[in-house]
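Novice: Sharing data_26.cif here; it has mmCIF, C-alpha atoms.
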```cif
data_my_file
#
loop_
_atom_site.label_atom_id
_atom_site.label_comp_id
_atom_site.auth_asym_id
_atom_site.auth_seq_id
_atom_site.Cartn_x
_atom_site.Cartn_y
_atom_site.Cartn_z
CA MET R 18 -18.06 0.55 9.41
CA ALA R 19 -18.59 2.47 12.67
CA ASP R 20 -15.19 1.29 13.92
CA ARG R 21 -13.55 2.79 10.82
CA ILE R 22 -15.31 6.12 11.36
CA LEU R 23 -14.23 6.16 15.01
CA GLY R 24 -10.63 5.47 14.04
CA MET R 25 -10.62 1.91 15.29
CA GLY R 26 -8.96 0.69 12.14
CA ASP R 27 -9.95 -2.03 9.77
CA VAL R 28 -7.98 -5.04 10.89
CA ILE R 29 -10.19 -7.44 8.93
CA SER R 30 -9.40 -5.68 5.63
CA LEU R 31 -5.72 -5.62 6.54
CA VAL R 32 -5.76 -9.37 7.23
CA GLU R 33 -7.64 -9.99 3.98
CA ARG R 34 -4.99 -8.06 2.03
CA ALA R 35 -2.22 -9.97 3.76
CA GLN R 36 -3.93 -13.29 2.97
CA GLN R 37 -4.01 -12.42 -0.72
CA GLN R 38 -0.21 -12.12 -0.66
CA TYR R 39 0.32 -15.09 1.68
CA ASP R 40 2.12 -18.09 0.22
CA GLU R 41 2.17 -20.97 2.69
CA GLU R 42 5.16 -22.72 1.11
CA GLU R 43 7.16 -19.47 1.08
CA ALA R 44 6.23 -18.88 4.72
CA ARG R 45 7.55 -22.32 5.71
CA ARG R 46 10.79 -21.74 3.79
CA LEU R 47 11.21 -18.35 5.45
CA GLN R 48 10.49 -19.78 8.91
CA LYS R 49 13.22 -22.38 8.45
CA LYS R 50 15.70 -19.71 7.36
CA ILE R 51 14.83 -17.52 10.33
CA MET R 52 15.20 -20.37 12.79
CA LYS R 53 18.64 -21.16 11.34
CA ASN R 54 19.55 -17.46 11.40
CA LYS R 55 19.90 -17.52 7.60
CA PHE R 56 17.47 -14.68 6.83
CA ASP R 57 19.21 -12.54 4.20
CA PHE R 58 18.70 -9.45 2.07
CA ASP R 59 17.06 -11.46 -0.71
CA ASP R 60 14.41 -12.58 1.79
CA PHE R 61 14.10 -9.02 3.05
CA MET R 62 13.58 -7.74 -0.50
CA ASN R 63 10.87 -10.37 -1.06
CA GLN R 64 9.08 -9.16 2.07
CA ILE R 65 9.26 -5.55 0.85
CA GLN R 66 7.78 -6.59 -2.49
CA GLN R 67 4.89 -8.36 -0.74
CA ILE R 68 4.16 -5.31 1.41
CA LYS R 69 4.20 -3.06 -1.66
CA LYS R 70 1.68 -5.33 -3.40
CA MET R 71 -0.73 -4.82 -0.51
CA GLY R 72 -1.03 -1.09 -1.18
CA ASN R 73 0.47 2.18 -0.04
CA ILE R 74 1.89 2.38 3.46
CA LYS R 75 -0.44 5.11 4.73
CA ASP R 76 -3.53 3.11 3.75
CA LEU R 77 -2.16 -0.04 5.38
CA ALA R 78 -1.16 1.79 8.55
CA SER R 79 -4.57 3.46 8.78
CA MET R 80 -6.14 -0.01 9.07
CA ILE R 81 -4.34 -0.61 12.36
CA PRO R 82 -6.43 0.44 15.38
CA GLY R 83 -5.31 3.77 16.81
CA VAL R 84 -2.91 4.52 13.98
CA GLY R 85 -5.47 6.04 11.59
CA LYS R 86 -5.98 9.19 13.66
CA ALA R 87 -2.29 9.50 14.51
CA ILE R 88 -1.16 9.56 10.88
CA ARG R 89 -4.07 11.48 9.38
CA ASP R 90 -1.94 14.63 8.90
CA VAL R 91 1.36 12.82 8.41
CA ASP R 92 2.66 12.64 4.87
CA ILE R 93 4.01 9.14 4.21
CA ASP R 94 5.97 8.88 1.00
CA ASP R 95 4.73 6.11 -1.32
CA ASP R 96 8.36 5.57 -2.27
CA ALA R 97 9.43 4.86 1.32
CA PHE R 98 11.16 1.63 0.30
CA LYS R 99 13.07 3.03 -2.69
CA GLY R 100 16.22 3.89 -0.71
CA ILE R 101 16.28 0.47 0.93
CA GLU R 102 15.73 -1.25 -2.41
CA ALA R 103 18.51 0.83 -4.00
CA ILE R 104 20.91 -0.17 -1.22
CA ILE R 105 20.04 -3.87 -1.52
CA ASN R 106 20.22 -3.77 -5.33
CA SER R 107 23.70 -2.22 -5.07
CA MET R 108 24.96 -5.26 -3.16
CA THR R 109 26.60 -8.18 -4.89
CA PRO R 110 24.63 -11.46 -4.88
CA LYS R 111 27.18 -12.78 -2.39
CA GLU R 112 26.58 -9.82 -0.04
CA ARG R 113 22.79 -10.18 -0.32
CA SER R 114 22.94 -13.87 0.58
CA ASN R 115 25.57 -13.39 3.30
CA PRO R 116 24.78 -10.18 5.25
CA ASP R 117 27.57 -10.88 7.73
CA LEU R 118 30.06 -9.73 5.07
CA LEU R 119 28.69 -6.23 5.67
CA MET R 120 28.44 -6.34 9.44
CA SER R 121 32.07 -6.48 10.49
CA GLY R 122 35.52 -7.29 9.28
CA ARG R 123 38.25 -5.56 7.35
CA THR R 124 36.33 -5.22 4.11
CA ALA R 125 32.90 -4.35 5.53
CA GLN R 126 33.53 -0.60 5.54
CA SER R 127 34.77 -0.48 1.96
CA ARG R 128 31.85 -2.65 0.87
CA LYS R 129 29.43 -0.24 2.55
CA GLN R 130 31.10 2.72 0.84
CA ARG R 131 30.77 1.03 -2.55
CA ILE R 132 27.11 0.22 -1.86
CA ALA R 133 26.43 3.83 -0.79
CA ARG R 134 27.96 5.16 -4.01
CA GLY R 135 26.07 2.64 -6.13
CA SER R 136 22.74 3.30 -4.48
CA GLY R 137 22.99 7.08 -4.35
CA GLN R 138 22.56 6.92 -0.58
CA LYS R 139 24.77 8.17 2.25
CA LEU R 140 27.15 5.83 4.04
CA GLU R 141 25.16 6.52 7.23
CA ASP R 142 22.00 5.25 5.50
CA VAL R 143 23.74 2.02 4.51
CA SER R 144 25.14 1.56 8.03
CA ARG R 145 21.74 2.28 9.56
CA LEU R 146 20.11 -0.34 7.32
CA MET R 147 22.77 -2.89 8.28
CA LYS R 148 22.19 -2.22 11.98
CA GLN R 149 18.39 -2.39 11.65
CA PHE R 150 18.61 -5.53 9.56
CA ASP R 151 20.85 -7.21 12.14
CA GLN R 152 18.52 -6.23 14.99
CA THR R 153 15.50 -7.45 13.03
CA ARG R 154 17.20 -10.74 12.27
CA LYS R 155 17.98 -11.29 15.97
CA MET R 156 14.43 -10.39 16.98
CA MET R 157 12.95 -12.70 14.34
CA LYS R 158 15.05 -15.59 15.60
CA MET R 159 13.86 -15.01 19.18
CA VAL R 160 10.21 -14.83 18.13
CA SER R 161 10.27 -17.54 15.48
CA GLY R 162 9.97 -20.71 17.55
CA ALA R 163 6.54 -21.43 18.98
CA ASN R 164 5.15 -18.00 18.09
CA MET R 165 5.74 -18.53 14.36
CA LYS R 166 3.99 -21.89 14.52
CA ASN R 167 1.04 -20.29 16.31
CA MET R 168 0.85 -17.49 13.72
CA MET R 169 0.95 -19.98 10.84
CA ALA R 170 -1.78 -22.08 12.48
CA MET R 171 -3.91 -18.95 12.91
CA ALA R 172 -3.29 -17.96 9.27
CA ASN R 173 -4.33 -21.43 8.14
CA ARG R 174 -7.54 -21.19 10.16
CA MET R 175 -8.25 -17.78 8.67
CA LYS R 176 -7.55 -19.00 5.17
CA GLY R 177 -10.19 -21.67 5.69
CA GLY R 178 -12.74 -18.96 6.41
CA LYS R 179 -12.60 -19.22 10.18
CA PRO R 180 -11.49 -15.87 11.60
CA PHE R 181 -10.19 -17.32 14.91
#
```
Translate the structure of the given file into C-alpha cells.
Specialist:
Amino acid sequence: MADRILGMGDVISLVERAQQQYDEEEARRLQKKIMKNKFDFDDFMNQIQQIKKMGNIKDLASMIPGVGKAIRDVDIDDDAFKGIEAIINSMTPKERSNPDLLMSGRTAQSRKQRIARGSGQKLEDVSRLMKQFDQTRKMMKMVSGANMKNMMAMANRMKGGKPF
C-alpha cells in the first residue's frame, strides 16, 4: 500500500488483471503467428479487446511504477482505441488478414482512402496506423523467439500462484 501512495505503482494488481484475461492456448497461437510474421489486424483487434477488458487506460498506466505521478494531471480518453477500431472495422476481411495489401503496391493508397472515408478518420491517421502496425509487427518478430518462451514460462509460474 505504501508503494502505491509513493507512486511506485501496483504491478501486482496489473499482473493479476492481465492473468484474468490470459488465455494460454490463444497465447500459443499468437506466438506462432508472430514467429511466422503472420500477425494481422484481426489479432491486433483481439489484443485491443483484451486490454479494454482490463479497465481504463489511465488506471492501468497508473499501476506501472513511475507512471502514476507522470499522468496524474493528464487526461487520457477512455475511448482511445475507438479510432483504431473504426479503421480496422472499415477494412475488408481480406485486408485485415493480409496487412501487406495496405502497406505498398498500386492499390494500397486507394484502399487507405476508402478505409479513411469508411472509418471517419483522416488518411494520415490510417497511414500512421499502418506504419505503427508494421513497426510493431517487426519488433514482435525480433522479440518473439526465446523472450516469448521466457514470458510464457513466467506467466505459467505466476498462474500457479508462484510470483517468480
Novice: Here's the selection I'm unsure about, the PyMOL selection byres ((chain R and resi 107) around 9); applied to the file above, which residues does it give, as an MDAnalysis selection string?
Specialist: chainID R and resid 102:106 108:109 131:136
Novice: So what do you get for CA of Gln66 in chain R versus CA of Leu47 in chain R, distance-wise?
Specialist: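 Going from CA of Gln66 in chain R over to CA of Leu47 in chain R, I get 14.6 Å.
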Novice: What does the PyMOL selection byres ((chain R and resi 58) around 7) select in this file, as a ChimeraX atom specification?
Specialist: /R:57,59-62,105,113-114,116
Novice: Based on the selection just made, write C-alpha atoms of those residues as an mmCIF file, in the frame of the given file.
Specialist:
```
data_model
loop_
_atom_site.group_PDB
_atom_site.id
_atom_site.type_symbol
_atom_site.label_atom_id
_atom_site.label_comp_id
_atom_site.auth_asym_id
_atom_site.auth_seq_id
_atom_site.Cartn_x
_atom_site.Cartn_y
_atom_site.Cartn_z
ATOM 1 C CA ASP R 57 19.210 -12.540 4.200
ATOM 2 C CA ASP R 59 17.060 -11.460 -0.710
ATOM 3 C CA ASP R 60 14.410 -12.580 1.790
ATOM 4 C CA PHE R 61 14.100 -9.020 3.050
ATOM 5 C CA MET R 62 13.580 -7.740 -0.500
ATOM 6 C CA ILE R 105 20.040 -3.870 -1.520
ATOM 7 C CA ARG R 113 22.790 -10.180 -0.320
ATOM 8 C CA SER R 114 22.940 -13.870 0.580
ATOM 9 C CA PRO R 116 24.780 -10.180 5.250
#
```
Novice: Record the distance separating CA of Gln149 in chain R and CA of Phe56 in chain R, expressed in Å with one decimal.
Specialist: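 It comes out at 13.2 Å.
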Novice: Have a look at R:Asn54, R:Glu43, R:Lys99, R:Asn115 and name the one nearest to Lys69 in chain R; count all atoms listed in the file.
Specialist: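 Checking each of R:Asn54, R:Glu43, R:Lys99, R:Asn115 against Lys69 in chain R, counting all atoms listed in the file, the winner is R:Lys99.
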Novice: Can you pull out the residues contacting Lys129 in chain R? Cut-off 8 Å, using all atoms listed in the file, and skip same-chain residues under 3 positions away; I want them as an MDAnalysis selection string.
Specialist: chainID R and resid 119 125:126 132:133 140 143:144
Novice: Based on the selection just made, write C-alpha atoms of those residues as a PDB file, in the frame of the given file.
Specialist:
```pdb
ATOM      1  CA  LEU R 119      28.690  -6.230   5.670  1.00  0.00           C
ATOM      2  CA  ALA R 125      32.900  -4.350   5.530  1.00  0.00           C
ATOM      3  CA  GLN R 126      33.530  -0.600   5.540  1.00  0.00           C
ATOM      4  CA  ILE R 132      27.110   0.220  -1.860  1.00  0.00           C
ATOM      5  CA  ALA R 133      26.430   3.830  -0.790  1.00  0.00           C
ATOM      6  CA  LEU R 140      27.150   5.830   4.040  1.00  0.00           C
ATOM      7  CA  VAL R 143      23.740   2.020   4.510  1.00  0.00           C
ATOM      8  CA  SER R 144      25.140   1.560   8.030  1.00  0.00           C
TER       9      SER R 144
END
```
Novice: Quick one: pull the distance between CA of Leu146 in chain R and CA of Leu118 in chain R, Å, one decimal.
Specialist: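 Going from CA of Leu146 in chain R over to CA of Leu118 in chain R, I get 13.9 Å.
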Novice: Which is closer to Ile65 in chain R than all the others in R:Met52, R:Ser121, R:Arg46, R:Ile101, using only C-alpha atoms?
Specialist: R:Ile101
Novice: Would you compute, for all listed atoms of range 44-56 of chain R, the axis-aligned bounding box grown by 8 Å on each side, and then report its centre and edge lengths in Å rounded to one decimal, as AutoDock Vina command-line options?
Specialist:
```
--center_x 13.1 --center_y -18.5 --center_z 8.3 --size_x 29.7 --size_y 23.7 --size_z 25.0
```
